[in-house]
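Peer 1: Can you read through this structure? Questions will come right after.
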Amino acid sequence: SAKMPTKPATSAKKTVKVWVPESVLKKRAKQEEIQKKKVASLAEQRLKNKQTRRLIVKKAAAYDKEYKAAERDVIRMRREAKKQGNFFMEPEPKIVLVVRIKGVNGVDPKTRKILQLMRLRQVHNAVFLRMNSASINMLRLVAPYVTFGTPNLKTVRELIYKRGFASVSPKPGVRKQRIPITDNKIIEESLGKHGIVCTEDLIHEIFTAGKNFREANHFLWPFKLSSAKGGIDKKRYSFIEGGQYGDREEFINPLVRRMN
C-alpha cells in the first residue's frame with residue numbers, strides 16, 4: 001500500500017509582547033529629549049565659537065591697522081616739524097606702568113595707604129595707571145618706592161599674554177580670586193557688556209586708555225614680575241641720578257623685559 005506524502009513541518013514563531021513599565025518609558029523619552037537638546041546646544045555653541053573666532057581675527061587686524069596708522073602719524077608730524085625748523089611736542093602718555101621696587105620696611109602710613117590704593121602690595125608688583133592729575137600726585141608721593149614709565153604696545157601685549165591673570169569672583173558674594181586667562185570666555189563673561197570679548201580687545205582698551213579702561217584694568221590682577229635679570233642696584237637714588245626709582249619714561253620697557 002502506498003503511503004500518503006507528508007507535508008514538511010513549519011515552525012511558526014510566536015510574537016511575545018514584553019510589558020514595559022510606564023516609568024521606564026518616561027525615563028527613555030526624557031533621556032532622548034535631553035540628548036537631542038544637548039546635540040542642538042553643542043551645534044549652536046560650535047557655530048557661535050566659529051563666528052566669535054572670525055570676529056576676533058577681524059578685530060585684531062583692525063587694531064593692528066590702527067596702531068600702525070597712529071605710529072605713521074607721529075613720524076609724519078616729526079618730519080614736518082623738522083622740515084619747518086620747529087620743535088615737535090611728543091604726545092602726552094595716556095597710561096603709565098608702575099612697578100614696585102622696594103619693600104615695606106620704614107614705609108609711613110600715608111605712603112602705605114597710597115600703595116594699597118594702587119594695588120602694589122608686594123615687591124615687583126606692576127599695574128597700569130591712567131595719567132591724570134590724581135595719579136600724578138599719587139606717583140609723586142610714592143616715588144621712592146616705585147619706578148614708572150610709558151609702556152609701548154609690545155610691553156603691554158607681553159605682560160597680558162605672559163603674566164595676565166583675571167581678578168574674578170567664582171560666584172556672587174565670594175571674594176575675588178586670581179585665575180589664569182586661559183580662554184577668551186573668562187574675559188567675555190566679565191567684560192562682555194563693555195564690548196571686550198577677547199585678549200586683543202583687552203590689550204587695545206589698556207593701551208589706548210579707552211572709556212572702559214577702569215573696568216579692564218581692575219579685571220586684571222596686579223602683575224607679579226620676577227626679579228630683574230642682572231639685578232637692580234642703587235635703589236636709594238632716583239633714575240635721573242643714576243639710580244632706579246621715579247619716572248623713567250620709555251626706559252621702563254627694557255626693565256620690564258628683564259623682569260617678565
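Quick note on naming: the chains in the C-alpha cells go A, B, ... in the order shown, residues restart at 1 in each chain, and ligands are numbered from 1 in order of appearance.
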Compile the contact shell of stretch 67-81 of chain A as a PDB file with N, CA, C and O atoms, in the first residue's frame: residues with an atom at most 12 Å away, counting only C-alpha atoms, same-chain residues fewer than 4 positions apart removed.

Peer 2:
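Now in result19.pdb:
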ATOM      1  N   ALA A  60      41.499  91.974  15.502  1.00  0.00           N
ATOM      2  CA  ALA A  60      42.958  92.016  15.630  1.00  0.00           C
ATOM      3  C   ALA A  60      43.580  92.738  14.434  1.00  0.00           C
ATOM      4  O   ALA A  60      44.488  93.562  14.589  1.00  0.00           O
ATOM      5  N   ALA A  61      43.056  92.452  13.239  1.00  0.00           N
ATOM      6  CA  ALA A  61      43.558  93.115  12.020  1.00  0.00           C
ATOM      7  C   ALA A  61      43.266  94.612  12.062  1.00  0.00           C
ATOM      8  O   ALA A  61      44.118  95.436  11.694  1.00  0.00           O
ATOM      9  N   ALA A  62      42.052  94.981  12.523  1.00  0.00           N
ATOM     10  CA  ALA A  62      41.674  96.397  12.607  1.00  0.00           C
ATOM     11  C   ALA A  62      42.542  97.138  13.622  1.00  0.00           C
ATOM     12  O   ALA A  62      42.984  98.271  13.374  1.00  0.00           O
ATOM     13  N   TYR A  63      42.808  96.490  14.771  1.00  0.00           N
ATOM     14  CA  TYR A  63      43.650  97.117  15.795  1.00  0.00           C
ATOM     15  C   TYR A  63      45.076  97.313  15.288  1.00  0.00           C
ATOM     16  O   TYR A  63      45.692  98.355  15.518  1.00  0.00           O
ATOM     17  N   GLY A  85      61.690 123.599  10.648  1.00  0.00           N
ATOM     18  CA  GLY A  85      62.600 124.158  11.654  1.00  0.00           C
ATOM     19  C   GLY A  85      61.955 124.365  13.008  1.00  0.00           C
ATOM     20  O   GLY A  85      62.434 125.184  13.806  1.00  0.00           O
ATOM     21  N   ASN A  86      60.879 123.631  13.297  1.00  0.00           N
ATOM     22  CA  ASN A  86      60.194 123.741  14.590  1.00  0.00           C
ATOM     23  C   ASN A  86      60.522 122.544  15.478  1.00  0.00           C
ATOM     24  O   ASN A  86      61.111 121.546  15.035  1.00  0.00           O
ATOM     25  N   PHE A  87      60.124 122.657  16.738  1.00  0.00           N
ATOM     26  CA  PHE A  87      60.258 121.541  17.671  1.00  0.00           C
ATOM     27  C   PHE A  87      58.943 120.763  17.705  1.00  0.00           C
ATOM     28  O   PHE A  87      57.858 121.372  17.724  1.00  0.00           O
ATOM     29  N   PHE A  88      59.056 119.457  17.745  1.00  0.00           N
ATOM     30  CA  PHE A  88      57.843 118.626  17.796  1.00  0.00           C
ATOM     31  C   PHE A  88      57.583 118.209  19.243  1.00  0.00           C
ATOM     32  O   PHE A  88      58.448 117.642  19.912  1.00  0.00           O
ATOM     33  N   MET A  89      56.395 118.530  19.716  1.00  0.00           N
ATOM     34  CA  MET A  89      55.995 118.146  21.070  1.00  0.00           C
ATOM     35  C   MET A  89      55.412 116.741  21.025  1.00  0.00           C
ATOM     36  O   MET A  89      54.371 116.518  20.397  1.00  0.00           O
ATOM     37  N   GLU A  90      56.114 115.807  21.646  1.00  0.00           N
ATOM     38  CA  GLU A  90      55.640 114.412  21.653  1.00  0.00           C
ATOM     39  C   GLU A  90      54.284 114.330  22.360  1.00  0.00           C
ATOM     40  O   GLU A  90      54.038 115.054  23.328  1.00  0.00           O
ATOM     41  N   PRO A  91      53.380 113.456  21.874  1.00  0.00           N
ATOM     42  CA  PRO A  91      52.066 113.334  22.529  1.00  0.00           C
ATOM     43  C   PRO A  91      52.190 112.867  23.977  1.00  0.00           C
ATOM     44  O   PRO A  91      53.064 112.054  24.311  1.00  0.00           O
ATOM     45  N   GLU A  92      51.336 113.427  24.817  1.00  0.00           N
ATOM     46  CA  GLU A  92      51.355 113.071  26.243  1.00  0.00           C
ATOM     47  C   GLU A  92      50.964 111.598  26.418  1.00  0.00           C
ATOM     48  O   GLU A  92      50.041 111.124  25.756  1.00  0.00           O
ATOM     49  N   ASN A 152      55.227 100.598  25.860  1.00  0.00           N
ATOM     50  CA  ASN A 152      54.855 100.518  24.445  1.00  0.00           C
ATOM     51  C   ASN A 152      53.913  99.337  24.231  1.00  0.00           C
ATOM     52  O   ASN A 152      53.619  98.577  25.169  1.00  0.00           O
ATOM     53  N   LEU A 153      53.447  99.184  23.010  1.00  0.00           N
ATOM     54  CA  LEU A 153      52.465  98.132  22.707  1.00  0.00           C
ATOM     55  C   LEU A 153      53.031  96.740  22.980  1.00  0.00           C
ATOM     56  O   LEU A 153      52.340  95.876  23.516  1.00  0.00           O
ATOM     57  N   LYS A 154      54.306  96.547  22.650  1.00  0.00           N
ATOM     58  CA  LYS A 154      54.922  95.232  22.857  1.00  0.00           C
ATOM     59  C   LYS A 154      54.934  94.861  24.338  1.00  0.00           C
ATOM     60  O   LYS A 154      54.642  93.720  24.700  1.00  0.00           O
ATOM     61  N   ILE A 203      43.866  94.260  25.417  1.00  0.00           N
ATOM     62  CA  ILE A 203      45.121  94.969  25.142  1.00  0.00           C
ATOM     63  C   ILE A 203      44.825  96.349  24.545  1.00  0.00           C
ATOM     64  O   ILE A 203      45.430  97.353  24.942  1.00  0.00           O
ATOM     65  N   HIS A 204      43.886  96.400  23.603  1.00  0.00           N
ATOM     66  CA  HIS A 204      43.536  97.667  22.951  1.00  0.00           C
ATOM     67  C   HIS A 204      42.962  98.660  23.953  1.00  0.00           C
ATOM     68  O   HIS A 204      43.308  99.858  23.940  1.00  0.00           O
ATOM     69  N   PHE A 207      45.933  99.842  26.253  1.00  0.00           N
ATOM     70  CA  PHE A 207      46.967 100.632  25.560  1.00  0.00           C
ATOM     71  C   PHE A 207      46.447 102.004  25.126  1.00  0.00           C
ATOM     72  O   PHE A 207      47.174 103.002  25.189  1.00  0.00           O
ATOM     73  N   THR A 208      45.183 102.054  24.698  1.00  0.00           N
ATOM     74  CA  THR A 208      44.621 103.324  24.234  1.00  0.00           C
ATOM     75  C   THR A 208      43.906 104.090  25.342  1.00  0.00           C
ATOM     76  O   THR A 208      43.417 105.201  25.098  1.00  0.00           O
TER      77      THR A 208
END

Peer 1: When DSSP is applied to the backbone of this structure, which of stretch 9-132 of chain A are assigned helix (DSSP H, G or I)? Write them out as a ChimeraX atom specification.

Peer 2: /A:22-83,109-117

Peer 1: Taking 3 positions as the minimum chain separation for residues in the same chain, which residues sit within 7 Å of stretch 113-124 of chain A when counting only C-alpha atoms? Answer as a PDB file with N, CA, C and O atoms, in the first residue's frame.

Peer 2:
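For reference, around.pdb as written:
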ATOM      1  N   VAL A  99      55.860  99.947  38.661  1.00  0.00           N
ATOM      2  CA  VAL A  99      56.445  98.723  39.229  1.00  0.00           C
ATOM      3  C   VAL A  99      56.987  99.052  40.610  1.00  0.00           C
ATOM      4  O   VAL A  99      57.754 100.015  40.767  1.00  0.00           O
ATOM      5  N   ARG A 100      56.616  98.275  41.600  1.00  0.00           N
ATOM      6  CA  ARG A 100      57.139  98.485  42.953  1.00  0.00           C
ATOM      7  C   ARG A 100      58.503  97.817  43.068  1.00  0.00           C
ATOM      8  O   ARG A 100      58.652  96.639  42.728  1.00  0.00           O
ATOM      9  N   ILE A 101      59.493  98.568  43.570  1.00  0.00           N
ATOM     10  CA  ILE A 101      60.861  98.033  43.647  1.00  0.00           C
ATOM     11  C   ILE A 101      61.401  97.978  45.076  1.00  0.00           C
ATOM     12  O   ILE A 101      62.514  97.511  45.290  1.00  0.00           O
ATOM     13  N   LYS A 102      60.614  98.479  46.055  1.00  0.00           N
ATOM     14  CA  LYS A 102      61.055  98.448  47.450  1.00  0.00           C
ATOM     15  C   LYS A 102      60.012  97.779  48.317  1.00  0.00           C
ATOM     16  O   LYS A 102      58.816  97.775  47.993  1.00  0.00           O
ATOM     17  N   GLY A 103      60.463  97.244  49.464  1.00  0.00           N
ATOM     18  CA  GLY A 103      59.578  96.525  50.375  1.00  0.00           C
ATOM     19  C   GLY A 103      58.834  97.435  51.324  1.00  0.00           C
ATOM     20  O   GLY A 103      58.654  98.636  51.071  1.00  0.00           O
ATOM     21  N   PRO A 109      52.567 105.506  57.134  1.00  0.00           N
ATOM     22  CA  PRO A 109      51.180 105.075  56.889  1.00  0.00           C
ATOM     23  C   PRO A 109      50.544 105.663  55.625  1.00  0.00           C
ATOM     24  O   PRO A 109      49.825 104.972  54.913  1.00  0.00           O
ATOM     25  N   LYS A 110      50.817 106.930  55.353  1.00  0.00           N
ATOM     26  CA  LYS A 110      50.203 107.575  54.189  1.00  0.00           C
ATOM     27  C   LYS A 110      50.691 106.925  52.890  1.00  0.00           C
ATOM     28  O   LYS A 110      49.902 106.602  51.998  1.00  0.00           O
ATOM     29  N   MET A 138      49.730 111.075  43.224  1.00  0.00           N
ATOM     30  CA  MET A 138      49.989 109.826  43.960  1.00  0.00           C
ATOM     31  C   MET A 138      51.384 109.305  43.656  1.00  0.00           C
ATOM     32  O   MET A 138      52.110 108.858  44.556  1.00  0.00           O
ATOM     33  N   PRO A 222      46.997  92.474  39.684  1.00  0.00           N
ATOM     34  CA  PRO A 222      48.332  93.093  39.558  1.00  0.00           C
ATOM     35  C   PRO A 222      49.380  92.080  39.098  1.00  0.00           C
ATOM     36  O   PRO A 222      49.436  90.958  39.602  1.00  0.00           O
ATOM     37  N   LYS A 224      52.584  89.972  38.720  1.00  0.00           N
ATOM     38  CA  LYS A 224      53.657  89.541  39.624  1.00  0.00           C
ATOM     39  C   LYS A 224      54.897  89.253  38.787  1.00  0.00           C
ATOM     40  O   LYS A 224      55.011  88.188  38.173  1.00  0.00           O
ATOM     41  N   LEU A 225      55.815  90.206  38.768  1.00  0.00           N
ATOM     42  CA  LEU A 225      57.022  90.065  37.955  1.00  0.00           C
ATOM     43  C   LEU A 225      58.123  89.355  38.730  1.00  0.00           C
ATOM     44  O   LEU A 225      58.093  89.299  39.962  1.00  0.00           O
ATOM     45  N   SER A 226      59.096  88.840  37.995  1.00  0.00           N
ATOM     46  CA  SER A 226      60.244  88.194  38.616  1.00  0.00           C
ATOM     47  C   SER A 226      61.303  89.244  38.962  1.00  0.00           C
ATOM     48  O   SER A 226      61.205  90.409  38.537  1.00  0.00           O
TER      49      SER A 226
END

Peer 1: Which of these, A:Ala29, A:Pro151, A:Ala134, A:Leu139, has the shortest distance to A:Phe251 once you count only C-alpha atoms?

Peer 2: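 Closest candidate: A:Pro151.
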
Peer 1: Looking at only C-alpha atoms, which of A:Arg258, A:Arg248, A:Lys176, A:Lys82 is the one that sits closest to A:Thr150?

Peer 2: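 Residue with the minimum atom-to-atom distance to A:Thr150: A:Arg248.
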
Peer 1: DSSP on the backbone: which residues in stretch 52-259 of chain A end up as strand (DSSP E or B)? Give the answer as a tab-separated table (two decimals) with N, CA, C and O atoms, in the first residue's frame.

Peer 2:
chain	number	residue	atom	x	y	z
A	95	ILE	N	48.79	106.33	29.49
A	95	ILE	CA	48.90	105.41	30.63
A	95	ILE	C	50.36	105.31	31.07
A	95	ILE	O	51.27	105.66	30.31
A	96	VAL	N	50.56	104.85	32.29
A	96	VAL	CA	51.91	104.53	32.78
A	96	VAL	C	51.87	103.13	33.39
A	96	VAL	O	50.82	102.67	33.85
A	97	LEU	N	53.02	102.49	33.35
A	97	LEU	CA	53.18	101.19	34.02
A	97	LEU	C	54.01	101.44	35.28
A	97	LEU	O	55.11	101.98	35.20
A	98	VAL	N	53.44	101.09	36.44
A	98	VAL	CA	54.09	101.34	37.72
A	98	VAL	C	54.56	100.01	38.30
A	98	VAL	O	53.78	99.06	38.41
A	99	VAL	N	55.86	99.95	38.66
A	99	VAL	CA	56.44	98.72	39.23
A	99	VAL	C	56.99	99.05	40.61
A	99	VAL	O	57.75	100.02	40.77
A	100	ARG	N	56.62	98.28	41.60
A	100	ARG	CA	57.14	98.48	42.95
A	100	ARG	C	58.50	97.82	43.07
A	100	ARG	O	58.65	96.64	42.73
A	125	ASN	N	55.44	93.92	42.12
A	125	ASN	CA	54.09	94.01	41.56
A	125	ASN	C	54.06	95.15	40.55
A	125	ASN	O	54.76	96.15	40.71
A	126	ALA	N	53.23	95.01	39.52
A	126	ALA	CA	53.12	96.05	38.48
A	126	ALA	C	51.66	96.25	38.11
A	126	ALA	O	50.90	95.28	38.03
A	127	VAL	N	51.29	97.50	37.88
A	127	VAL	CA	49.92	97.83	37.46
A	127	VAL	C	49.96	98.96	36.42
A	127	VAL	O	50.94	99.71	36.34
A	128	PHE	N	48.87	99.05	35.65
A	128	PHE	CA	48.71	100.17	34.72
A	128	PHE	C	47.90	101.27	35.41
A	128	PHE	O	46.99	100.99	36.19
A	129	LEU	N	48.26	102.52	35.12
A	129	LEU	CA	47.52	103.67	35.64
A	129	LEU	C	47.21	104.63	34.51
A	129	LEU	O	48.07	104.88	33.66
A	130	ARG	N	46.00	105.17	34.53
A	130	ARG	CA	45.66	106.23	33.57
A	130	ARG	C	46.28	107.54	34.06
A	130	ARG	O	46.23	107.85	35.26
A	146	VAL	N	58.66	103.16	44.00
A	146	VAL	CA	58.25	102.61	42.70
A	146	VAL	C	59.07	103.22	41.58
A	146	VAL	O	59.72	104.25	41.76
A	147	THR	N	59.02	102.57	40.44
A	147	THR	CA	59.53	103.16	39.21
A	147	THR	C	58.42	103.03	38.17
A	147	THR	O	57.66	102.07	38.18
A	148	PHE	N	58.32	104.02	37.31
A	148	PHE	CA	57.21	104.03	36.36
A	148	PHE	C	57.64	104.68	35.05
A	148	PHE	O	58.66	105.38	34.99
A	149	GLY	N	56.88	104.41	34.02
A	149	GLY	CA	57.18	104.96	32.70
A	149	GLY	C	56.08	104.61	31.72
A	149	GLY	O	55.07	103.97	32.07
A	165	PHE	N	46.56	87.64	34.70
A	165	PHE	CA	45.63	86.83	35.48
A	165	PHE	C	44.37	87.66	35.72
A	165	PHE	O	44.45	88.87	35.90
A	166	ALA	N	43.24	86.99	35.73
A	166	ALA	CA	41.97	87.69	35.93
A	166	ALA	C	41.62	87.75	37.40
A	166	ALA	O	41.90	86.82	38.16
A	167	SER	N	41.01	88.86	37.80
A	167	SER	CA	40.52	89.02	39.16
A	167	SER	C	39.00	88.89	39.11
A	167	SER	O	38.29	89.87	38.89
A	168	VAL	N	38.51	87.67	39.28
A	168	VAL	CA	37.07	87.40	39.14
A	168	VAL	C	36.57	86.61	40.34
A	168	VAL	O	37.33	85.89	41.00
A	177	GLN	N	39.14	86.00	43.08
A	177	GLN	CA	40.28	85.10	43.06
A	177	GLN	C	41.16	85.37	41.85
A	177	GLN	O	40.72	85.95	40.86
A	178	ARG	N	42.41	84.93	41.94
A	178	ARG	CA	43.38	85.11	40.85
A	178	ARG	C	43.31	83.88	39.93
A	178	ARG	O	43.73	82.79	40.30
A	179	ILE	N	42.76	84.09	38.75
A	179	ILE	CA	42.53	82.98	37.82
A	179	ILE	C	43.30	83.25	36.53
A	179	ILE	O	43.23	84.35	35.97
A	180	PRO	N	44.06	82.27	36.02
A	180	PRO	CA	44.79	82.49	34.75
A	180	PRO	C	43.85	82.68	33.58
A	180	PRO	O	42.79	82.03	33.50
A	220	LEU	N	42.15	92.89	35.54
A	220	LEU	CA	43.48	92.28	35.61
A	220	LEU	C	44.00	92.29	37.04
A	220	LEU	O	43.99	93.33	37.70
A	223	PHE	N	50.18	92.48	38.13
A	223	PHE	CA	51.19	91.57	37.56
A	223	PHE	C	52.25	91.25	38.60
A	223	PHE	O	52.75	92.15	39.28
A	224	LYS	N	52.58	89.97	38.72
A	224	LYS	CA	53.66	89.54	39.62
A	224	LYS	C	54.90	89.25	38.79
A	224	LYS	O	55.01	88.19	38.17
A	238	SER	N	67.26	108.26	42.60
A	238	SER	CA	66.26	108.34	41.53
A	238	SER	C	66.91	107.99	40.19
A	238	SER	O	68.14	107.99	40.06
A	245	TYR	N	64.55	104.48	41.22
A	245	TYR	CA	63.15	104.86	41.46
A	245	TYR	C	62.77	106.11	40.66
A	245	TYR	O	63.61	106.86	40.19
A	246	GLY	N	61.45	106.32	40.55
A	246	GLY	CA	60.95	107.51	39.88
A	246	GLY	C	60.61	107.27	38.42
A	246	GLY	O	60.56	106.14	37.93
A	247	ASP	N	60.40	108.38	37.72
A	247	ASP	CA	59.97	108.34	36.32
A	247	ASP	C	61.14	108.01	35.40
A	247	ASP	O	62.19	108.64	35.48

Peer 1: Have a look at atom CA of A:Pro254 and atom CA of A:Arg236 and let me know their distance in Å, one decimal.

Peer 2: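 Separation of atom CA of A:Pro254 and atom CA of A:Arg236: 20.1 Å.
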
Peer 1: Quick one: residues within 12 Å of A:Gly192, only C-alpha atoms, excluding same-chain residues fewer than 5 positions away - as an NGL selection string?

Peer 2: :A and (184-187 or 197-199 or 201-202 or 212 or 215-216 or 219)

Peer 1: Write to file, as a compact mmCIF listing (two decimals), in the first residue's frame, the residues of the selection just made, with C-alpha atoms.

Peer 2:
# COMPACT_ATOMS: atom_id res chain seq x y z
CA ASN A 184 38.52 84.30 25.95
CA LYS A 185 35.31 83.18 27.67
CA ILE A 186 36.73 84.37 31.01
CA ILE A 187 37.14 87.86 29.52
CA VAL A 197 35.35 89.78 24.41
CA CYS A 198 38.95 88.69 23.77
CA THR A 199 42.56 89.34 24.78
CA ASP A 201 40.19 93.80 22.98
CA LEU A 202 41.69 93.94 26.47
CA ASN A 212 36.25 101.26 29.78
CA GLU A 215 36.87 98.10 34.25
CA ALA A 216 39.51 96.45 32.06
CA PHE A 219 39.72 92.93 35.73

Peer 1: Could you tell me how far atom CA of A:Val256 lies from atom CA of A:Ser135, in Å and to one decimal?

Peer 2: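 According to the coordinates, atom CA of A:Val256 and atom CA of A:Ser135 are separated by 20.6 Å.
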
Peer 1: Between atom CA of A:Leu255 and atom CA of A:Ala228, measure the distance and give it in Å to one decimal.

Peer 2: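 Computing it gives 7.2 Å between the two atoms.
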
Peer 1: Please determine, counting only C-alpha atoms, which residue among A:His194, A:Asp64, A:Asn260, A:Asp183 has the shortest atom-to-atom distance to A:Arg163.

Peer 2: A:Asn260

Peer 1: A:Arg157, A:Gly230, A:Lys162, A:Leu55: which is nearest A:Ile196, counting only C-alpha atoms?

Peer 2: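 That would be A:Leu55, the residue with the smallest distance to A:Ile196.
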
Peer 1: Just checking: using only C-alpha atoms, which residue out of A:Lys83, A:Lys59, A:Lys38, A:Lys65 ends up closest to A:Glu200?

Peer 2: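 For A:Glu200, the nearest of the given residues is A:Lys59.
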